[in-house]
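Engineer: Got a structure here, written out as structure tokens. Questions coming.
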2 protein chains.
Amino acid sequence: MTVKQLSMPELAEACTDLGVRGIGLWRAPVQEYGLEATAKLLRDRGLAVTTLCRGGFFTAIDPHARVQAIDDNRRAIDEAAALGTDTLVLVSGGLPPGSSDLHAARERIAEALAELAPYAHERGVRLAIEPLHPMYAADRCVVSTLTQALDLAERFPADQVGVCVDTYHVWWDDRAPAEIARAGRGGRLHAFQLADWTTPLPEGVLNGRGQLGDGAIDLRAWRELVDAAGYAGPVEVELFNDELWGRDGREVLTETADRYREHA
Amino acid sequence: MTVKQLSMPELAEACTDLGVRGIGLWRAPVQEYGLEATAKLLRDRGLAVTTLCRGGFFTAIDPHARVQAIDDNRRAIDEAAALGTDTLVLVSGGLPPGSSDLHAARERIAEALAELAPYAHERGVRLAIEPLHPMYAADRCVVSTLTQALDLAERFPADQVGVCVDTYHVWWDDRAPAEIARAGRGGRLHAFQLADWTTPLPEGVLNGRGQLGDGAIDLRAWRELVDAAGYAGPVEVELFNDELWGRDGREVLTETADRYREHA
């Protein structure tokens, strides 16, 4: 998503040229280019798919909507398996219209995980619950802290359900360092993503994630925390940023790699 | 601030007409109308000043800026005393430019409180630390949770430093109900404010606080939590909302009182 202006072949070529060996993918661009075509393209270049984003949106009350969500997440798990990644990142969903019950919404997430985790496990895919910044609690994700994400994940086996830590979402939380250690101890640190925090936030607060080094987050400190927790997986940079999307994609990718070396 | 389009006399008259017996004030409109004039106007009408907003902005590193902040907060305390309110609400300040050290910024807040709390106490004013939503951690307030606010407050006597609970800032936090009880037990629940959470958030995320009942927050549940914690003080409604500011102020005040009865 950081360079969504690049087509799948352009992205694969740019990553190869830069020495980037893995890519985190979102479902929509994969579906656009074709699932099998994407898998083959990246396989042929020796590029790993680090994670697939995203499953989730489990918080509907309406039974029909819940069945649709489960079905869609089964397809996401199938897609992850086809792409050869072992991790599907979950954005759990916000409050349904008219509801203000955060606790009940979180329980509905647990119910969905109970259905999906075994299905994913059979296909070699782990589910990674991503806590989103509390500013998304109403409309995107009622799981707002790493503590909540781990409380949910720990109801299931560690090789089935873990967490995705994104600096953009957890940087403000003074409990997050201890929770990263908890995730590491439990074998539940399934993905790690970097983005910086810049202000002012744009309208809708979706597409203002800062380029590494442009914002308030001590990215290196967070990278060292996941290192200390035993994380040995890939580090993804996931920037939703209108300004970056308006620039040349290869240039943004090169800049991002440079910033990663400098700041993380 | 909910009806900042009203002049001070208009506000006083509208509150009297509605049967609202107290008003939370911000410093700028008070200074504009005059401190003594405001105090007299409200006293003559029998209107209480519930709190004064706001002191704070304690996180600067530069020594000169720190002295200025302390001096300005002393003036805010004097103003609170002159207005006859016992509570000055504090917005603690964000990260200074170039810094990413949230912990150190919080310690500088504690240093400022140590200087100001006795000064306020001598004038009959309590300081109320207001945790702001984590989306303000970088640029307005590094105190993002009620837990952090109480951890800071509890370094000082309860009749000198407490907390201000605003539903807009804490509604997402599953620890906040227990922290409200903790604040009540400790005699540190010094102010309680209502605002609803509506999306999408506007650019800058400052002026999108929802009218009571328009958003995702179970306001009555929060009001009952502070009741159960022994809070017997006023309930303020503090809405920063461009749409409300664009309407007739008396109409907004009437609507707000109606919404309060319906939703809180």
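Ordering of the structure tokens sets the chain letters (A, B, ...), residue numbers begin anew at 1 in every chain, and ligands are numbered from 1 in the order given.
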Any idea what's packed within 9 Å of stretch 141-158 of chain B, counting only C-alpha atoms, ignoring anything in its chain fewer than 4 positions away? Could you give it as a PyMOL selection string?
Structural biologist: (chain A and resi 172-174) or (chain B and resi 57+59+91-95+102-103+105-107+109-110+113-114+117+126-137+162-165+169-170+173+175-176+179-180+182-183+186-188)
Engineer: Which residues, written as a compact mmCIF listing (two decimals) with N, CA, C and O atoms, in the first residue's frame, have at least one atom at most 9 Å from B:Asp78, with only C-alpha atoms counted and residues fewer than 3 positions away on the same chain left out?
Structural biologist:
# COMPACT_ATOMS: atom_id res chain seq x y z
N ASN B 73 0.53 29.73 33.96
CA ASN B 73 -0.35 28.90 34.77
C ASN B 73 -0.66 29.56 36.12
O ASN B 73 -1.76 29.37 36.65
N ARG B 74 0.28 30.30 36.66
CA ARG B 74 -0.04 31.05 37.88
C ARG B 74 -1.15 32.06 37.61
O ARG B 74 -2.07 32.22 38.41
N ARG B 75 -1.06 32.71 36.43
CA ARG B 75 -2.13 33.65 36.08
C ARG B 75 -3.48 32.92 35.92
O ARG B 75 -4.53 33.42 36.35
N ALA B 81 -9.41 31.62 40.69
CA ALA B 81 -9.80 32.10 42.03
C ALA B 81 -10.71 33.32 41.91
O ALA B 81 -11.73 33.42 42.62
N ALA B 82 -10.38 34.23 41.00
CA ALA B 82 -11.20 35.44 40.84
C ALA B 82 -12.60 35.10 40.36
O ALA B 82 -13.57 35.78 40.69
N LEU B 83 -12.72 34.05 39.56
CA LEU B 83 -14.03 33.64 39.04
C LEU B 83 -14.82 32.81 40.04
O LEU B 83 -16.00 32.51 39.82
N ALA B 120 -1.67 26.92 43.78
CA ALA B 120 -3.12 26.82 43.56
C ALA B 120 -3.85 26.57 44.88
O ALA B 120 -4.90 27.18 45.15
N ARG B 123 -4.78 29.37 46.97
CA ARG B 123 -5.85 30.21 46.42
C ARG B 123 -7.18 29.46 46.30
O ARG B 123 -8.12 29.93 45.65
N VAL B 125 -7.76 26.60 44.74
CA VAL B 125 -7.98 26.04 43.41
C VAL B 125 -7.31 24.67 43.32
O VAL B 125 -6.15 24.51 43.71
Engineer: With 7 Å as the limit and counting only C-alpha atoms, what residues in chain A lie close to chain B? Please list them as number ranges by chain.
Structural biologist: A: 99-100, 134-135, 137-138, 172, 200-205, 216-218
Engineer: Could you give me, as number ranges by chain, the residues within 8 Å of stretch 39-46 of chain A, counting only C-alpha atoms and dropping anything in the same chain fewer than 6 positions from it?
Structural biologist: A: 9, 12, 16, 21, 82-84
Engineer: Determine which residues of stretch 158-220 of chain A receive a DSSP assignment of strand (DSSP E), computed from the backbone, and state them as a ChimeraX atom specification.
Structural biologist: /A:161-166,189-194,196-197,209-210
Engineer: Residues within 9 Å of stretch 248-259 of chain B, please, as a PDB file with C-alpha atoms, in the first residue's frame. Count only C-alpha atoms; anything in the same chain fewer than 5 positions from it doesn't count.
Structural biologist:
ATOM      1  CA  THR B   2     -20.020  24.654  23.159  1.00  0.00           C
ATOM      2  CA  VAL B   3     -21.734  27.951  22.355  1.00  0.00           C
ATOM      3  CA  LYS B   4     -18.775  30.242  21.864  1.00  0.00           C
ATOM      4  CA  GLN B   5     -20.850  32.262  19.377  1.00  0.00           C
ATOM      5  CA  LEU B   6     -22.683  33.749  22.373  1.00  0.00           C
ATOM      6  CA  GLU B  10     -25.909  36.362  26.116  1.00  0.00           C
ATOM      7  CA  LEU B  11     -24.524  33.160  27.597  1.00  0.00           C
ATOM      8  CA  ALA B  14     -29.467  31.956  28.073  1.00  0.00           C
ATOM      9  CA  CYS B  15     -28.270  29.781  30.955  1.00  0.00           C
ATOM     10  CA  LEU B  18     -32.787  27.437  30.651  1.00  0.00           C
ATOM     11  CA  VAL B  20     -28.613  25.900  33.853  1.00  0.00           C
ATOM     12  CA  GLN B 211     -23.564  16.605  20.043  1.00  0.00           C
ATOM     13  CA  LEU B 212     -24.808  14.280  22.811  1.00  0.00           C
ATOM     14  CA  GLY B 213     -26.607  11.334  21.268  1.00  0.00           C
ATOM     15  CA  VAL B 237     -20.880  19.498  28.076  1.00  0.00           C
ATOM     16  CA  ALA B 264     -27.001  11.277  29.988  1.00  0.00           C
TER      17      ALA B 264
END
Engineer: B:Ala195: which residues within 8 Å, counting only C-alpha atoms, same-chain residues fewer than 5 positions away excluded, as a compact mmCIF listing (two decimals) with N, CA and C atoms, in the first residue's frame?
Structural biologist:
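This is the output file part-v7.txt:
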# COMPACT_ATOMS: atom_id res chain seq x y z
N ASP B 166 -13.31 13.31 30.54
CA ASP B 166 -14.15 13.72 29.42
C ASP B 166 -14.44 12.47 28.58
N THR B 167 -15.72 12.19 28.40
CA THR B 167 -16.08 10.96 27.68
C THR B 167 -15.42 10.90 26.30
N TYR B 168 -15.27 12.02 25.64
CA TYR B 168 -14.68 12.02 24.30
C TYR B 168 -13.28 11.42 24.30
N ARG B 209 -16.23 17.20 17.76
CA ARG B 209 -16.89 16.53 18.88
C ARG B 209 -18.40 16.54 18.67
N GLY B 210 -18.99 15.38 18.87
CA GLY B 210 -20.39 15.23 18.53
C GLY B 210 -21.34 15.72 19.60
N GLN B 211 -22.46 16.29 19.14
CA GLN B 211 -23.56 16.60 20.04
C GLN B 211 -23.99 15.31 20.76
N LEU B 212 -24.41 15.44 22.01
CA LEU B 212 -24.81 14.28 22.81
C LEU B 212 -25.88 13.48 22.07
N VAL B 237 -20.83 19.97 29.46
CA VAL B 237 -20.88 19.50 28.08
C VAL B 237 -19.95 20.39 27.28
N GLU B 238 -18.89 19.80 26.75
CA GLU B 238 -17.87 20.61 26.05
C GLU B 238 -17.73 20.11 24.62
N LEU B 239 -18.36 20.83 23.69
CA LEU B 239 -18.36 20.42 22.29
C LEU B 239 -17.57 21.42 21.45
